[in-house]
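Peer 1: Got a file for you: my_file_1.txt, compact mmCIF, C-alpha atoms.
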```txt
# COMPACT_ATOMS: atom_id res chain seq x y z
CA MET A 3 0.00 0.00 0.00
CA LEU A 4 2.80 2.39 0.91
CA PHE A 5 4.68 1.83 -2.36
CA ILE A 6 1.48 2.17 -4.38
CA VAL A 7 0.95 5.59 -2.81
CA MET A 8 4.59 6.44 -3.52
CA LYS A 9 4.08 5.48 -7.16
CA LEU A 10 1.00 7.69 -7.44
CA TRP A 11 2.75 10.54 -5.61
CA SER A 12 6.12 10.16 -7.33
CA GLY A 13 5.32 12.69 -10.09
CA PRO A 14 4.33 15.60 -7.81
CA LEU A 15 7.03 14.53 -5.34
CA GLY A 16 9.75 14.71 -8.01
CA ILE A 17 8.61 18.13 -9.19
CA ARG A 18 8.52 19.56 -5.67
CA PHE A 19 11.91 18.00 -4.88
CA LEU A 20 13.46 19.76 -7.88
CA GLN A 21 11.79 23.03 -6.88
CA SER A 22 13.19 22.71 -3.35
CA PHE A 23 16.63 21.82 -4.71
CA GLU A 24 16.56 24.84 -7.00
CA TYR A 25 15.37 27.13 -4.20
CA VAL A 26 18.20 26.11 -1.84
CA TYR A 27 21.03 26.32 -4.34
CA THR A 28 19.88 29.63 -5.78
CA ARG A 29 19.63 31.14 -2.30
CA ILE A 30 23.17 30.18 -1.22
CA PRO A 31 25.02 32.56 -3.64
CA THR A 32 22.58 35.34 -2.83
CA VAL A 33 23.13 34.99 0.91
CA CYS A 34 26.90 34.83 0.50
CA LYS A 35 26.97 37.84 -1.82
CA LEU A 36 24.93 39.99 0.57
CA LEU A 37 27.25 39.14 3.44
CA GLY A 38 30.60 39.63 1.80
CA GLY A 39 31.09 36.16 0.40
CA VAL A 40 30.72 34.42 3.74
CA ALA A 41 27.57 32.53 4.66
CA PRO A 42 26.96 33.13 8.38
CA GLN A 43 25.67 30.30 10.56
CA ARG A 44 22.30 31.91 11.37
CA GLU A 45 21.29 32.46 7.73
CA MET A 46 22.46 28.99 6.71
CA SER A 47 20.54 27.44 9.62
CA THR A 48 17.40 29.26 8.50
CA LEU A 49 17.90 28.03 4.94
CA PHE A 50 18.47 24.47 6.18
CA ARG A 51 15.33 24.51 8.35
CA THR A 52 13.30 25.80 5.43
CA SER A 53 14.53 23.01 3.15
CA VAL A 54 13.87 20.34 5.82
CA LEU A 55 10.35 21.68 6.37
CA GLN A 56 9.68 21.51 2.64
CA MET A 57 10.93 17.91 2.55
CA ILE A 58 8.66 16.95 5.45
CA ILE A 59 5.67 18.54 3.71
CA MET A 60 6.53 16.62 0.52
CA LEU A 61 6.85 13.29 2.34
CA ALA A 62 3.88 13.84 4.68
CA PRO A 63 1.31 11.91 2.54
CA VAL A 64 3.65 8.93 2.24
CA LEU A 65 4.51 8.94 5.95
CA LEU A 66 0.85 9.31 6.92
CA VAL A 67 -0.18 6.34 4.77
CA GLY A 68 2.67 4.28 6.24
CA PHE A 69 1.51 5.10 9.77
CA LEU A 70 -2.12 4.25 8.97
CA VAL A 71 -1.17 0.93 7.37
CA ALA A 72 0.97 -0.07 10.36
CA PHE A 73 -1.77 1.00 12.80
CA LEU A 74 -4.49 -0.92 10.96
CA CYS A 75 -2.35 -4.08 10.77
CA ASP A 76 -1.78 -4.03 14.53
CA TYR A 77 -5.42 -3.19 15.22
CA ILE A 78 -6.69 -6.08 13.08
CA GLN A 79 -4.37 -8.54 14.83
CA VAL A 80 -4.68 -7.55 18.50
CA GLY A 81 -7.29 -4.77 18.67
CA TRP A 82 -7.02 -1.40 20.41
CA LYS A 83 -5.02 -2.05 23.57
CA PRO A 84 -2.89 1.01 24.42
CA THR A 85 -0.54 0.34 27.34
CA GLY A 86 2.66 1.69 28.79
CA LYS A 87 3.61 -1.63 30.40
CA PRO A 88 6.36 -2.48 27.86
CA LEU A 89 8.04 0.85 28.72
CA GLN A 90 8.27 0.06 32.41
CA PRO A 91 11.84 -0.70 33.54
CA LYS A 92 12.46 -4.29 34.61
CA LEU A 93 15.70 -5.49 36.15
CA SER A 94 14.93 -9.01 34.92
CA LYS A 95 15.55 -7.79 31.37
CA LEU A 96 19.18 -7.14 32.32
CA ASP A 97 19.70 -10.74 33.48
CA PRO A 98 22.35 -12.20 31.10
CA THR A 99 21.33 -15.81 31.83
CA LYS A 100 17.82 -15.20 30.53
CA GLY A 101 19.30 -13.50 27.49
CA PHE A 102 21.47 -16.53 26.72
CA LYS A 103 18.48 -18.82 27.18
CA LYS A 104 16.56 -16.81 24.61
CA ILE A 105 19.49 -16.90 22.18
CA PHE A 106 20.11 -20.63 22.52
CA SER A 107 16.58 -22.00 22.35
CA ALA A 108 14.42 -23.89 19.86
CA GLN A 109 12.27 -20.81 19.28
CA SER A 110 15.34 -18.68 18.52
CA LEU A 111 16.57 -21.31 16.06
CA VAL A 112 13.21 -21.29 14.28
CA GLU A 113 13.24 -17.48 14.11
CA LEU A 114 16.81 -17.53 12.76
CA ILE A 115 15.85 -19.96 10.00
CA LYS A 116 12.83 -17.83 9.14
CA SER A 117 14.98 -14.67 8.97
CA ILE A 118 17.57 -16.36 6.73
CA ALA A 119 14.80 -17.60 4.45
CA LYS A 120 13.29 -14.09 4.25
CA ILE A 121 16.66 -12.51 3.43
CA GLY A 122 17.32 -15.16 0.80
CA LEU A 123 13.96 -14.59 -0.90
CA ILE A 124 14.40 -10.81 -0.81
CA ALA A 125 17.89 -11.11 -2.29
CA LEU A 126 16.57 -13.38 -5.04
CA ILE A 127 13.72 -10.99 -5.91
CA THR A 128 16.06 -7.98 -5.83
CA TYR A 129 18.63 -9.67 -8.05
CA SER A 130 16.01 -10.81 -10.58
CA TYR A 131 14.40 -7.37 -10.76
CA ILE A 132 17.64 -5.37 -10.98
CA LYS A 133 19.07 -7.81 -13.55
CA GLY A 134 16.12 -7.04 -15.82
CA LYS A 135 16.89 -3.30 -15.63
CA ASP A 136 20.71 -3.44 -15.75
CA SER A 137 20.95 -1.96 -19.25
CA LEU A 138 18.86 1.08 -18.21
CA LEU A 139 20.65 1.56 -14.89
CA PHE A 140 24.09 1.45 -16.53
CA GLY A 141 22.96 4.30 -18.78
CA LEU A 142 21.96 6.65 -15.94
CA LEU A 143 25.01 8.93 -16.49
CA ASP A 144 23.93 9.65 -20.05
CA MET A 145 20.29 10.42 -19.22
CA PRO A 146 18.73 13.82 -18.58
CA LEU A 147 18.12 14.63 -14.91
CA MET A 148 14.35 14.16 -14.94
CA GLN A 149 14.56 10.89 -16.85
CA GLY A 150 17.20 9.57 -14.43
CA ILE A 151 15.14 10.53 -11.38
CA ARG A 152 12.08 8.91 -12.92
CA LEU A 153 14.02 5.69 -13.61
CA ILE A 154 15.41 5.53 -10.06
CA GLY A 155 11.95 6.21 -8.61
CA ASP A 156 10.31 3.53 -10.76
CA THR A 157 13.04 1.04 -9.85
CA VAL A 158 12.77 1.69 -6.11
CA ILE A 159 8.97 1.60 -6.13
CA GLY A 160 8.79 -1.50 -8.32
CA LEU A 161 11.25 -3.32 -6.09
CA GLY A 162 9.40 -2.16 -2.98
CA VAL A 163 6.07 -3.43 -4.34
CA ARG A 164 7.54 -6.87 -5.03
CA ILE A 165 9.20 -7.14 -1.63
CA SER A 166 6.01 -5.92 0.06
CA ALA A 167 3.99 -8.58 -1.77
CA LEU A 168 6.48 -11.21 -0.55
CA TYR A 169 6.20 -9.93 3.02
CA LEU A 170 2.41 -9.95 2.72
CA ILE A 171 2.44 -13.63 1.77
CA ILE A 172 4.92 -14.44 4.55
CA ALA A 173 2.89 -12.43 7.08
CA ALA A 174 -0.33 -14.24 6.14
CA GLY A 175 1.35 -17.62 6.53
CA ASP A 176 3.07 -16.63 9.78
CA PHE A 177 -0.19 -15.21 11.18
CA THR A 178 -2.00 -18.48 10.41
CA TYR A 179 0.82 -20.51 11.96
CA GLN A 180 0.97 -18.37 15.11
CA LYS A 181 -2.82 -18.55 15.47
CA LEU A 182 -2.84 -22.34 15.22
CA LYS A 183 0.15 -22.59 17.58
CA PHE A 184 -1.55 -20.29 20.10
CA ASN A 185 -4.76 -22.34 20.02
CA LYS A 186 -2.74 -25.54 20.46
CA ASP A 187 -0.75 -24.10 23.36
CA MET A 188 -3.94 -22.89 25.05
CA LYS A 189 -5.48 -26.38 25.05
CA MET A 190 -5.24 -27.97 28.47
CA THR A 191 -4.26 -31.52 29.25
CA LYS A 192 -6.54 -33.79 31.29
CA GLN A 193 -4.46 -33.10 34.38
CA GLU A 194 -4.70 -29.34 33.80
CA VAL A 195 -8.49 -29.67 33.39
CA LYS A 196 -8.64 -31.50 36.72
CA GLU A 197 -6.53 -28.83 38.40
CA GLU A 198 -8.70 -26.10 36.89
CA TYR A 199 -11.82 -27.84 38.15
CA LYS A 200 -10.28 -28.11 41.62
CA ASN A 201 -9.42 -24.41 41.59
CA GLN A 202 -12.91 -23.44 40.50
CA GLU A 203 -15.03 -25.92 42.41
CA GLY A 204 -12.70 -26.65 45.30
CA ASN A 205 -10.86 -29.81 46.29
CA PRO A 206 -13.38 -32.72 46.44
CA GLU A 207 -11.75 -34.11 49.60
CA ILE A 208 -12.02 -30.78 51.38
CA LYS A 209 -15.60 -30.32 50.19
CA GLY A 210 -16.42 -33.83 51.41
CA LYS A 211 -14.99 -33.06 54.85
CA ILE A 212 -16.96 -29.80 54.98
CA ARG A 213 -20.20 -31.62 54.10
CA GLN A 214 -19.43 -34.28 56.72
CA ARG A 215 -18.91 -31.66 59.42
CA MET A 216 -22.12 -29.91 58.39
CA ARG A 217 -24.01 -33.21 58.68
CA GLU A 218 -22.48 -33.87 62.09
CA ALA A 219 -23.43 -30.37 63.28
CA SER A 220 -26.97 -30.87 61.96
CA GLN A 221 -27.23 -34.23 63.72
CA ARG A 222 -26.04 -32.73 67.00
CA ARG A 223 -28.67 -30.02 66.82
CA MET A 224 -31.28 -32.64 65.94
CA MET A 225 -30.31 -34.92 68.84
CA GLN A 226 -30.50 -31.97 71.24
CA SER A 227 -34.19 -31.55 70.34
CA VAL A 228 -35.11 -35.21 70.97
CA PRO A 229 -35.65 -34.76 74.76
CA SER A 230 -38.49 -32.30 74.04
CA ALA A 231 -40.40 -34.78 71.79
CA ASP A 232 -43.80 -36.25 72.74
CA VAL A 233 -43.20 -39.63 71.16
CA VAL A 234 -40.69 -41.58 69.06
CA ILE A 235 -42.23 -43.75 66.35
CA THR A 236 -40.03 -46.69 65.27
CA ASN A 237 -39.79 -49.40 62.63
CA PRO A 238 -38.60 -50.80 65.19
CA THR A 239 -35.02 -51.64 64.12
CA HIS A 240 -34.33 -49.49 61.04
CA TYR A 241 -36.14 -46.16 61.48
CA ALA A 242 -36.95 -43.78 64.32
CA VAL A 243 -38.88 -40.49 64.09
CA ALA A 244 -39.34 -38.07 67.02
CA ILE A 245 -42.66 -36.14 66.95
CA LYS A 246 -43.83 -33.12 68.98
CA TYR A 247 -47.19 -31.38 68.93
CA ASP A 248 -47.70 -27.87 70.29
CA SER A 249 -50.77 -26.03 69.03
CA GLU A 250 -49.22 -22.69 70.02
CA VAL A 251 -46.19 -23.32 67.76
CA ALA A 252 -47.77 -25.04 64.74
CA PRO A 253 -51.21 -26.35 63.75
CA ALA A 254 -49.83 -29.85 63.10
CA PRO A 255 -47.23 -32.10 64.75
CA ILE A 256 -43.58 -31.42 63.82
CA VAL A 257 -40.79 -33.90 63.13
CA LEU A 258 -37.98 -32.98 65.55
CA ALA A 259 -35.57 -35.75 64.53
CA LYS A 260 -35.36 -38.79 62.31
CA GLY A 261 -32.74 -41.38 61.49
CA ALA A 262 -31.99 -44.83 60.18
CA ASP A 263 -29.97 -47.70 61.63
CA PHE A 264 -27.25 -46.31 63.95
CA LEU A 265 -28.82 -42.84 64.14
CA ALA A 266 -32.22 -44.44 64.84
CA LYS A 267 -30.65 -46.35 67.74
CA ARG A 268 -29.21 -43.08 69.15
CA ILE A 269 -32.64 -41.42 68.94
CA LYS A 270 -34.28 -44.33 70.81
CA ASP A 271 -31.52 -44.38 73.44
CA THR A 272 -31.95 -40.65 74.01
CA ALA A 273 -35.72 -41.10 74.24
CA ARG A 274 -35.34 -43.83 76.88
CA GLU A 275 -32.91 -41.69 78.88
CA ASN A 276 -35.47 -38.84 78.94
CA GLY A 277 -38.56 -40.96 79.58
CA ILE A 278 -40.12 -40.41 76.18
CA HIS A 279 -42.57 -43.02 74.91
CA ILE A 280 -41.38 -45.21 72.03
CA VAL A 281 -44.21 -46.54 69.87
CA GLU A 282 -43.69 -49.23 67.23
CA ASP A 283 -45.59 -48.52 63.98
CA LYS A 284 -43.70 -49.79 60.95
CA PRO A 285 -45.80 -48.24 58.10
CA LEU A 286 -46.07 -44.86 59.84
CA ALA A 287 -42.34 -44.78 60.69
CA ARG A 288 -41.43 -45.46 57.05
CA MET A 289 -43.85 -42.82 55.74
CA LEU A 290 -42.61 -40.15 58.13
CA TYR A 291 -38.96 -40.92 57.47
CA ALA A 292 -39.38 -40.87 53.67
CA ASN A 293 -41.73 -37.88 53.27
CA VAL A 294 -41.18 -35.37 56.10
CA ASP A 295 -38.01 -33.32 56.64
CA VAL A 296 -36.66 -32.47 60.08
CA GLY A 297 -38.37 -29.32 61.35
CA ALA A 298 -41.34 -29.72 58.97
CA GLN A 299 -45.00 -30.37 59.82
CA ILE A 300 -46.51 -33.74 58.97
CA PRO A 301 -48.70 -33.80 55.83
CA PRO A 302 -52.52 -33.92 56.17
CA GLU A 303 -52.73 -37.53 54.95
CA LEU A 304 -50.82 -38.64 58.07
CA TYR A 305 -52.88 -36.59 60.56
CA GLN A 306 -55.13 -39.52 61.55
CA ALA A 307 -52.31 -42.02 62.11
CA VAL A 308 -50.17 -39.59 64.11
CA ALA A 309 -53.19 -38.38 66.10
CA GLU A 310 -53.93 -41.98 67.19
CA VAL A 311 -50.33 -42.43 68.38
CA LEU A 312 -50.38 -39.11 70.27
CA ALA A 313 -53.74 -39.98 71.84
CA PHE A 314 -52.30 -43.27 73.04
CA VAL A 315 -49.26 -41.50 74.52
CA TYR A 316 -51.32 -38.74 76.18
CA HIS A 317 -53.68 -41.36 77.66
CA ALA A 318 -50.73 -43.36 79.00
CA GLU A 319 -49.27 -40.23 80.60
CA GLY A 320 -52.63 -39.23 82.03
CA LYS A 321 -52.85 -36.02 80.02
CA VAL A 322 -56.33 -36.81 78.68
```
Take the structure in the file and give it back as structure tokens.

Peer 2:
Amino acid sequence: MLFIVMKLWSGPLGIRFLQSFEYVYTRIPTVCKLLGGVAPQREMSTLFRTSVLQMIIMLAPVLLVGFLVAFLCDYIQVGWKPTGKPLQPKLSKLDPTKGFKKIFSAQSLVELIKSIAKIGLIALITYSYIKGKDSLLFGLLDMPLMQGIRLIGDTVIGLGVRISALYLIIAAGDFTYQKLKFNKDMKMTKQEVKEEYKNQEGNPEIKGKIRQRMREASQRRMMQSVPSADVVITNPTHYAVAIKYDSEVAPAPIVLAKGADFLAKRIKDTARENGIHIVEDKPLARMLYANVDVGAQIPPELYQAVAEVLAFVYHAEGKV
């Protein structure tokens, strides 16, 4: 793109270059003549600044296009990410051991081979192109000034276009390779996936221990409420459910505790220690254990069965 702009701008650029050249060299005798044949430093500095400014103005379109092309290429590849981090001083960059590791590494060897290949291709293209124009270039001394400038400009621009096309092909291939390599490097192994899962979800062993402690704490709280129960309904060997009814707390009886096997035995032992009635009712014990959570009221379909058990207990205790 840059060399295409240079080719389009080469005509006006050549004309303005000759005008600037003529302006400078016609001004030098005038300045020297006015000042007694000696060109003072101040006047020559002014003349030099003027000529440099004219050159910058002439090259401004080309430089601007070059900047825009470079900016767009970076933006397309990585997006807009301005940062001053690369400019921050780091003492680690001065470590010679790291520098040697970078020099003598597989990646450095690959980059060296790529650079040699690029230089070789550029040399081949340059040689082929110049060889086709050798007869014209050898005749530069015999050409008029404008024709010579035009030939040099065409040669430089033509060579630049060819080298730029080569670099464009290389860049496209290198971009594809780097993209594939990046995606491959970013893929995690099975072990890395497991570690990532552990970091995100937590260590399964630790989570298991936490759940176990929570269950133990819940069981302790549940066992502490057994002494306040009205009755414990059992299977009798597998299940035990502690029931309490208080019309001021809830309209229906509440399950204070429930358990199976070893926990059921603990509930019954606690009930015996506190003088709580233990009633054997296998179907009711199974229904309560399977369908009612600790701290919840019994469902309406079990009202009749639980009411009969409570009536039996209240009658035995002389409450009714």

Peer 1: Find the residue from A:Gln193, A:Val308, A:Ser47, A:Pro285 that sits nearest to Ala244 in chain A; use only C-alpha atoms when measuring.

Peer 2: A:Val308

Peer 1: Figure out the distance between CA of Ala125 in chain A and CA of Leu65 in chain A, please, to one decimal in Å.

Peer 2: 25.5 Å

Peer 1: Mind giving me the straight-line distance from CA of Val158 in chain A to CA of Ile132 in chain A in Å, one decimal?

Peer 2: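 One can read the CA of Val158 in chain A to CA of Ile132 in chain A distance as 9.9 Å.
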
Peer 1: For CA of Ala266 in chain A and CA of Glu207 in chain A, quote the distance in Å rounded to one decimal.

Peer 2: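 Straight-line distance from CA of Ala266 in chain A to CA of Glu207 in chain A works out to 27.5 Å.
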
Peer 1: Kindly provide, as JSON, the centre and edge lengths (Å, one decimal) of an axis-aligned box around all atoms of range 135-151 of chain A given in the file, with 3 Å on each side.

Peer 2:
```
{"center_x": 19.7, "center_y": 5.6, "center_z": -15.7, "size_x": 16.7, "size_y": 24.1, "size_z": 14.7}
```

Peer 1: Starting from the point (14.2, 16.7, 3.1), work out which residues of protein, DNA or RNA have an atom no more than 12 Å away when counting all atoms listed in the file; state them as a ChimeraX atom specification.

Peer 2: /A:15,18-20,22-23,26,50-62

Peer 1: For a quick check of understanding, using only C-alpha atoms, which of A:Ser137, A:Gln149, A:Ile17, A:Asp76 has the smallest distance to Phe177 in chain A?

Peer 2: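 Ranked by minimum distance to Phe177 in chain A, first place goes to A:Asp76.
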
Peer 1: Counting all atoms listed in the file, which residues come within 9 Å of (-47.1, -40.4, 57.7), with the point read in the file's coordinates, and could you list them as an MDAnalysis selection string?

Peer 2: chainID A and resid 285:294 300:308

Peer 1: Between A:Lys270, A:Arg217, A:Lys120, A:Lys186, which is the closest to Ile172 in chain A once you count all atoms listed in the file?

Peer 2: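 Ranking A:Lys270, A:Arg217, A:Lys120, A:Lys186 by distance to Ile172 in chain A, first place goes to A:Lys120.
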
Peer 1: With distances taken over all atoms listed in the file, which residue among A:Asp176, A:Asp232, A:Asp248, A:Asp156 lies nearest Lys116 in chain A?

Peer 2: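 Looking at the shortest contact to Lys116 in chain A, the residue is A:Asp176.
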